[in-house]
Amino acid sequence: MAVASFHPQRSLTLLPHHRTLERASSSSGALMGSKQVYSCAILCSFLLFSVVTCRDGAATEPGCTQSATLDVDVSWCFRREIPKTLFGLFFEEINHAGAGGIWEELVSNRGFEAGGPYTPSNIDPWNIIGDESSIYVTTEAASCFTRNIVALRMEVLCDNCRTGGVGIYNPGFWGMNIEEGKTYNLVMYVRSLESVELTASLTCSRLSHALQNLASASIQHNDVSDWTRVELQLVAHETCRTSRLDLTTSKRGVIWFDQVSLMPSDTYRGHGFRKEFMHMLLDLKPRFLRFPGGCFVEGDQLRNAFRWKETIGPWEERPGHYGDFWKYWTDDGLGYFEFLQLAEDLGAAPIWVFNAGISHSEGVDTTSIAPFVKDVLDSLEFARGTAESTWGSVRAKMGHPEPFPLKYVAVGNEDCYKEFYEGNYLKFYKAIRKAYPDIQIISNCDGSSQPFHHPADMYDVHIYSNASYLFQMKSMFDRTSRKGPKAFVSEYAVTEPKDCGNGSLLASLAEAAFLIGVEKNSDIVQMACYAPLFVNNNQPGWKWIPDAIVFNSWQQYGTPSYWMQTFFRESSGAEFHPVKITSKYSDSLAASAITWRDTDNSFLRVKIVNFGPDAVNLTIRAHQLRAAVDARGSRVTVLTSSDVMHENSFRNPRNVVPVTRGLPNAGKEMQALLAPYSFTSFDLALEEYKSFAEM
């Protein structure tokens with residue numbers, strides 16, 4: 001990777017953007033009297049200039065260096081507080097983001113339900129150890145769990161079985177990551193008319209080597225004529241990234257298995273989440289979590305939609321379901337409760353997206369929607385009700401007696417123009433508003449450029465496009481009406497393959513410019529989040545690409561789009577300041593300015609995207625800044641590379657990542673060089689700066 005260095009007279013690349021000096025008139029009148037506004041307006045007026053160092057007509061000349069001036073108005077009268085919830089996360093069960101991803105269940109199809117309710121059924125990815133002369137495996141409707149009745153029947157036919165015995169094995173989600181010294185908790189249900197002698201093992205098949213044992217434990221029970229829960233711990237003495245779970249015996253007879261679970265003992269806070277993923281999400285400082293979809297909420301058919309009541313309670317009693325839109329089975333160990341817990345662990349406000357009685361191919365007539373409305377009210381009681389309420393008591397039994405702070409719901413996903421949406425929406429809206437008047441209700445109907453026809457607190461906006469278009473969409477909300485509901489950009493990304501590849505620098509720069517526009521218009525845009533969040537690189541066949549985080553059983557890395565979002569993690573709740581770019585090259589630039597505070601210091605952050613092929617000599621001027629700049633505490637962070645299509649990968653996970661350096665020439669007026677195709681953030685440390693809250 002070629003990363004441009006920063007010097008007192010050099011800087012780094014950014015994306016094209018045309019911007020004019022903003023006036024936050026909506027807030028200035030509330031803050032000051034008319035005389036103060038008038039005098040402040042005089043003080044805030046200033047001349048802007050730029051010098052183009054390229055010769056005339058040479059805007060696209062290779063190696064040309066442009067010039068630009070960025071003026072920032074830091075005066076109190078025009079600053080505006082950004083919503084505390086502006087940037088967050090969207091989690092959808094897509095690309096095995098949950099099953100085989102952040103949810104650390106290592107066994108795939110743990111309840112043998114993935115083959116459907118009719119037996120005998122397919123048990124993939126389970127397989128047999130031995131041959132057909134020594135073992136026979138099938139499924140039967142024999143489980144002790146009424147909501148997931150399928151169990152596996154294993155008949156051992158040999159008296160003198162092969163060394164190590166015969167049995168079944170599960171490879172997990174394309175290989176289990178087993179690490180030396182770690183403890184793995186195995187839970188399963190077994191039944192047999194005779195005593196059982198089993199061995200549970202974690203094994204590894206290495207290239208050109210025989211199967212290797214990583215951990216094992218014996219299971220002996222004399223009486224398991226009724227279904228019996230078996231729990232044990234396996235401690236690995238070696239590491240293998242492509243391991244599997246083996247259940248073997250050398251004893252002739254029949255054994256039934258059901259609900260076989262294997263999880264590491266050290267999940268995040270013991271809540272079942274993969275720690276490495278949680279750390280990456282926490283690094284983004286998300287203010288909200290939208291879940292669980294997406295198209296996953298709708299299903300291609302309603303019978304395969306996400307049903308929250310079937311995803312709560314003891315994990316072994318959950319039936320699981322086939323996500324027919326993204327085409328894979330999930331055991332729903334990551335259910336409604338776990339999503340609420342995930343939001344809590346992230347310190348993020350939960351946003352519950354529920355099914356509106358509509359799938360991709362079906363819709364419930366509004367005259368018949370009442371059961372769906374009741375179901376949603378029950379879900380809200382589960383999250384918010386007291387431990388004594390009907391559904392709140394279920395939550396309390398699951399280990400969370402205190403209510404979850406659920407204050408946002410979205411009625412459906414991308415359903416606005418479907419036949420029954422508006423009628424169904426109004427039924428949900430009225431019922432929720434009556435029962436929970438404080439809950440913010442989000443409509444699927446985009447009101448950013450057209451009249452809005454039904455009541456809502458927010459409306460949903462989804463934007464997937466090529467890089468150039470998304471860059472231009474930085475001004476999308478400039479002309480949006482400030483009356484009525486606020487906007488929630490719940491899905492955005494560059495998805496044109498030639499622009500994004502598997503996650504390119506170019507895509508991240510267009511997305512950065514778009515988010516700069518979101519910051520600028522955060523008086524109308526309340527929330528924004530990227531999509532999708534995760535992809536399991538081992539998943540065969542079709543995958544949604546690109547994504548923010550790519551992973552396999554043991555590795556993960558952020559794409560440039562992930563790292564781009566780190567530039568905005570301090571924006572929620574910060575103060576926005578209007579800026580103006582003056583340059584003949586301004587159509588390739590996008591910029592914004594905020595002031596934010598960490599535990600000890602305040603900073604003026606100026607972000608600028610150079611979306612063009614030329615370097616830019618940039619002059620930054622901060623006007624009406626009532627604080628001194630501490631150059632020693634200031635810094636500059638740059639996201640760029642020598643090729644705009646560069647990506648990250650498992651082999652080179654840090655090929656395109658932000659680089660931070662000191663800013664010794666930091667001041668109210670300073671010069672820097674922006675590299676071609678770059679995203680740069682200047683953090684100027686401020687002495688004795690007063691925020692809105694301190695005024």
# chains A, B, ... in the order shown; residues from 1 in each chain; ligands from 1
$ select_by_dssp --residues "range 246-385 of chain A" --states "strand (DSSP E)" --output "PyMOL selection string"
chain A and resi 246-249+253-264+288-291+321-323+328-330+349-354
$ write_last_selection --atoms "C-alpha atoms" --output "PDB file, in the first residue's frame"
ATOM      1  CA  ASP A 246     -17.202 -36.253  16.574  1.00  0.00           C
ATOM      2  CA  LEU A 247     -19.674 -38.374  18.550  1.00  0.00           C
ATOM      3  CA  THR A 248     -18.572 -42.013  18.452  1.00  0.00           C
ATOM      4  CA  THR A 249     -19.193 -45.394  20.093  1.00  0.00           C
ATOM      5  CA  GLY A 253     -27.347 -50.585  19.683  1.00  0.00           C
ATOM      6  CA  VAL A 254     -29.530 -47.562  18.959  1.00  0.00           C
ATOM      7  CA  ILE A 255     -28.982 -44.022  20.260  1.00  0.00           C
ATOM      8  CA  TRP A 256     -31.124 -40.975  19.564  1.00  0.00           C
ATOM      9  CA  PHE A 257     -29.511 -37.517  19.542  1.00  0.00           C
ATOM     10  CA  ASP A 258     -31.083 -34.070  19.607  1.00  0.00           C
ATOM     11  CA  GLN A 259     -30.066 -30.431  20.130  1.00  0.00           C
ATOM     12  CA  VAL A 260     -26.278 -30.826  20.028  1.00  0.00           C
ATOM     13  CA  SER A 261     -24.598 -27.526  20.898  1.00  0.00           C
ATOM     14  CA  LEU A 262     -20.933 -26.577  21.154  1.00  0.00           C
ATOM     15  CA  MET A 263     -19.884 -23.070  22.168  1.00  0.00           C
ATOM     16  CA  PRO A 264     -16.637 -21.535  23.449  1.00  0.00           C
ATOM     17  CA  PHE A 288     -28.286   2.284  17.539  1.00  0.00           C
ATOM     18  CA  LEU A 289     -28.717  -1.267  16.253  1.00  0.00           C
ATOM     19  CA  ARG A 290     -31.346  -2.009  13.604  1.00  0.00           C
ATOM     20  CA  PHE A 291     -32.310  -5.713  13.525  1.00  0.00           C
ATOM     21  CA  HIS A 321     -36.560 -21.611  10.459  1.00  0.00           C
ATOM     22  CA  TYR A 322     -35.443 -21.541   6.865  1.00  0.00           C
ATOM     23  CA  GLY A 323     -34.596 -18.049   5.681  1.00  0.00           C
ATOM     24  CA  TYR A 328     -30.155 -20.963   4.455  1.00  0.00           C
ATOM     25  CA  TRP A 329     -31.335 -22.442   7.733  1.00  0.00           C
ATOM     26  CA  THR A 330     -30.893 -20.804  11.108  1.00  0.00           C
ATOM     27  CA  ALA A 349     -30.513   1.871  21.077  1.00  0.00           C
ATOM     28  CA  PRO A 350     -32.415  -1.148  19.666  1.00  0.00           C
ATOM     29  CA  ILE A 351     -34.514  -0.660  16.525  1.00  0.00           C
ATOM     30  CA  TRP A 352     -36.906  -3.589  16.088  1.00  0.00           C
ATOM     31  CA  VAL A 353     -37.944  -4.185  12.473  1.00  0.00           C
ATOM     32  CA  PHE A 354     -41.053  -6.365  12.503  1.00  0.00           C
TER      33      PHE A 354
END
$ residues_around --residues "Ser359 in chain A" --least-positions-apart "5" --cutoff "10 Å" --atoms "only C-alpha atoms" --output "list in words"
Cys295, Phe296, Val297, Glu298, Gly299, Asp300, Gln301, Leu302, Arg303, Asn304, Ala305, Phe325, Val364, Gly412, Asn413, Asp415 and Lys418 of chain A
$ write_last_selection --atoms "C-alpha atoms" --output "short mmCIF file (atom, residue, chain, number, x, y, z; two decimals), in the first residue's frame"
data_model
loop_
_atom_site.label_atom_id
_atom_site.label_comp_id
_atom_site.auth_asym_id
_atom_site.auth_seq_id
_atom_site.Cartn_x
_atom_site.Cartn_y
_atom_site.Cartn_z
CA CYS A 295 -35.47 -9.14 3.68
CA PHE A 296 -34.85 -11.67 6.46
CA VAL A 297 -37.81 -10.08 8.28
CA GLU A 298 -40.18 -10.54 5.35
CA GLY A 299 -39.22 -13.88 3.90
CA ASP A 300 -40.00 -14.81 0.34
CA GLN A 301 -43.08 -16.49 1.80
CA LEU A 302 -44.76 -15.48 5.05
CA ARG A 303 -44.32 -18.91 6.61
CA ASN A 304 -40.56 -18.29 6.50
CA ALA A 305 -40.64 -14.78 7.93
CA PHE A 325 -34.87 -15.25 0.81
CA VAL A 364 -52.22 -10.19 4.59
CA GLY A 412 -41.87 -3.79 7.67
CA ASN A 413 -38.99 -3.55 5.23
CA ASP A 415 -42.92 -2.69 1.64
CA LYS A 418 -47.06 -3.33 -1.79
#
$ residues_around --residues "Arg621 in chain A" --least-positions-apart "5" --cutoff "8 Å" --atoms "only C-alpha atoms" --output "ChimeraX atom specification"
/A:69-72,668-670
$ closest_residue --among "A:Val609, A:Ala627, A:Leu207, A:Val494" --to "Phe682 in chain A" --atoms "only C-alpha atoms"
A:Val609
$ residues_around --residues "range 375-377 of chain A" --least-positions-apart "4" --cutoff "9 Å" --atoms "only C-alpha atoms" --output "list in words"
Trp308, Lys309, Phe354, Asn355, Ala370, Pro371, Glu381, Phe382, Phe428, Ala431, Ile432 and Ala435 of chain A
$ write_last_selection --atoms "C-alpha atoms" --output "tab-separated table (two decimals), in the first residue's frame"
chain	number	residue	atom	x	y	z
A	308	TRP	CA	-40.02	-13.51	17.27
A	309	LYS	CA	-42.00	-15.81	19.58
A	354	PHE	CA	-41.05	-6.37	12.50
A	355	ASN	CA	-43.03	-8.04	9.75
A	370	ALA	CA	-55.25	-8.00	13.84
A	371	PRO	CA	-53.27	-11.12	14.92
A	381	GLU	CA	-44.26	-6.09	26.24
A	382	PHE	CA	-41.52	-8.72	26.11
A	428	PHE	CA	-49.82	-1.00	13.63
A	431	ALA	CA	-52.10	0.34	18.25
A	432	ILE	CA	-48.48	1.10	19.12
A	435	ALA	CA	-50.05	1.47	24.05
$ select_by_dssp --residues "range 282-342 of chain A" --states "alpha helix (DSSP H)" --output "list in words"
Leu282, Cys295, Phe296, Val297, Glu298, Tyr336, Phe337, Glu338, Phe339, Leu340, Gln341 and Leu342 of chain A
$ write_last_selection --atoms "N, CA, C and O atoms" --output "CSV table (one decimal), in the first residue's frame"
chain,number,residue,atom,x,y,z
A,282,LEU,N,-17.8,-2.3,18.6
A,282,LEU,CA,-17.6,-1.3,19.6
A,282,LEU,C,-16.7,-0.2,19.2
A,282,LEU,O,-16.9,1.0,19.6
A,295,CYS,N,-34.6,-8.1,4.3
A,295,CYS,CA,-35.5,-9.1,3.7
A,295,CYS,C,-35.6,-10.4,4.6
A,295,CYS,O,-36.6,-11.1,4.4
A,296,PHE,N,-34.7,-10.6,5.5
A,296,PHE,CA,-34.9,-11.7,6.5
A,296,PHE,C,-36.1,-11.5,7.3
A,296,PHE,O,-36.7,-12.5,7.7
A,297,VAL,N,-36.6,-10.3,7.5
A,297,VAL,CA,-37.8,-10.1,8.3
A,297,VAL,C,-39.0,-10.5,7.5
A,297,VAL,O,-40.0,-11.1,8.1
A,298,GLU,N,-39.0,-10.3,6.2
A,298,GLU,CA,-40.2,-10.5,5.3
A,298,GLU,C,-40.3,-12.0,5.0
A,298,GLU,O,-41.4,-12.6,5.0
A,336,TYR,N,-34.8,-12.9,19.1
A,336,TYR,CA,-35.2,-11.6,19.5
A,336,TYR,C,-34.6,-11.1,20.8
A,336,TYR,O,-34.1,-10.0,20.9
A,337,PHE,N,-34.5,-12.0,21.8
A,337,PHE,CA,-33.9,-11.6,23.1
A,337,PHE,C,-32.4,-11.3,22.9
A,337,PHE,O,-31.9,-10.4,23.4
A,338,GLU,N,-31.7,-12.2,22.1
A,338,GLU,CA,-30.3,-12.0,21.9
A,338,GLU,C,-30.0,-10.7,21.1
A,338,GLU,O,-29.0,-10.0,21.4
A,339,PHE,N,-30.9,-10.3,20.2
A,339,PHE,CA,-30.7,-9.1,19.5
A,339,PHE,C,-30.8,-7.9,20.5
A,339,PHE,O,-30.0,-6.9,20.4
A,340,LEU,N,-31.8,-7.9,21.4
A,340,LEU,CA,-31.9,-6.9,22.4
A,340,LEU,C,-30.7,-6.9,23.3
A,340,LEU,O,-30.2,-5.8,23.6
A,341,GLN,N,-30.2,-8.0,23.6
A,341,GLN,CA,-29.0,-8.1,24.4
A,341,GLN,C,-27.8,-7.6,23.7
A,341,GLN,O,-26.9,-6.9,24.3
A,342,LEU,N,-27.7,-7.9,22.4
A,342,LEU,CA,-26.6,-7.4,21.6
A,342,LEU,C,-26.6,-5.8,21.6
A,342,LEU,O,-25.5,-5.2,21.7
$ closest_residue --among "A:Leu673, A:Val636, A:Ala99, A:Val606" --to "Thr660 in chain A" --atoms "only C-alpha atoms"
A:Val636
$ residues_around --residues "Glu688 in chain A" --least-positions-apart "3" --cutoff "9 Å" --atoms "only C-alpha atoms" --output "VMD selection string"
chain A and resid 601 to 602 626 to 628
$ write_last_selection --atoms "N, CA, C and O atoms" --output "PDB file, in the first residue's frame"
ATOM      1  N   ASN A 601     -10.478  16.222  26.353  1.00  0.00           N
ATOM      2  CA  ASN A 601     -10.213  17.327  25.444  1.00  0.00           C
ATOM      3  C   ASN A 601     -11.360  17.553  24.464  1.00  0.00           C
ATOM      4  O   ASN A 601     -12.173  16.661  24.212  1.00  0.00           O
ATOM      5  N   SER A 602     -11.372  18.766  23.901  1.00  0.00           N
ATOM      6  CA  SER A 602     -12.284  19.095  22.807  1.00  0.00           C
ATOM      7  C   SER A 602     -11.488  19.233  21.520  1.00  0.00           C
ATOM      8  O   SER A 602     -10.308  19.613  21.534  1.00  0.00           O
ATOM      9  N   ARG A 626     -13.433  30.444  19.260  1.00  0.00           N
ATOM     10  CA  ARG A 626     -13.151  31.090  20.535  1.00  0.00           C
ATOM     11  C   ARG A 626     -12.342  30.175  21.447  1.00  0.00           C
ATOM     12  O   ARG A 626     -12.675  29.954  22.610  1.00  0.00           O
ATOM     13  N   ALA A 627     -11.312  29.610  20.899  1.00  0.00           N
ATOM     14  CA  ALA A 627     -10.405  28.759  21.665  1.00  0.00           C
ATOM     15  C   ALA A 627      -9.089  28.685  20.907  1.00  0.00           C
ATOM     16  O   ALA A 627      -9.060  28.765  19.667  1.00  0.00           O
ATOM     17  N   ALA A 628      -8.021  28.540  21.646  1.00  0.00           N
ATOM     18  CA  ALA A 628      -6.707  28.373  21.020  1.00  0.00           C
ATOM     19  C   ALA A 628      -6.555  26.934  20.537  1.00  0.00           C
ATOM     20  O   ALA A 628      -7.163  26.006  21.079  1.00  0.00           O
TER      21      ALA A 628
END
$ closest_residue --among "A:Ala467, A:Val518, A:Val166, A:Ile608" --to "Thr480 in chain A" --atoms "only C-alpha atoms"
A:Val518
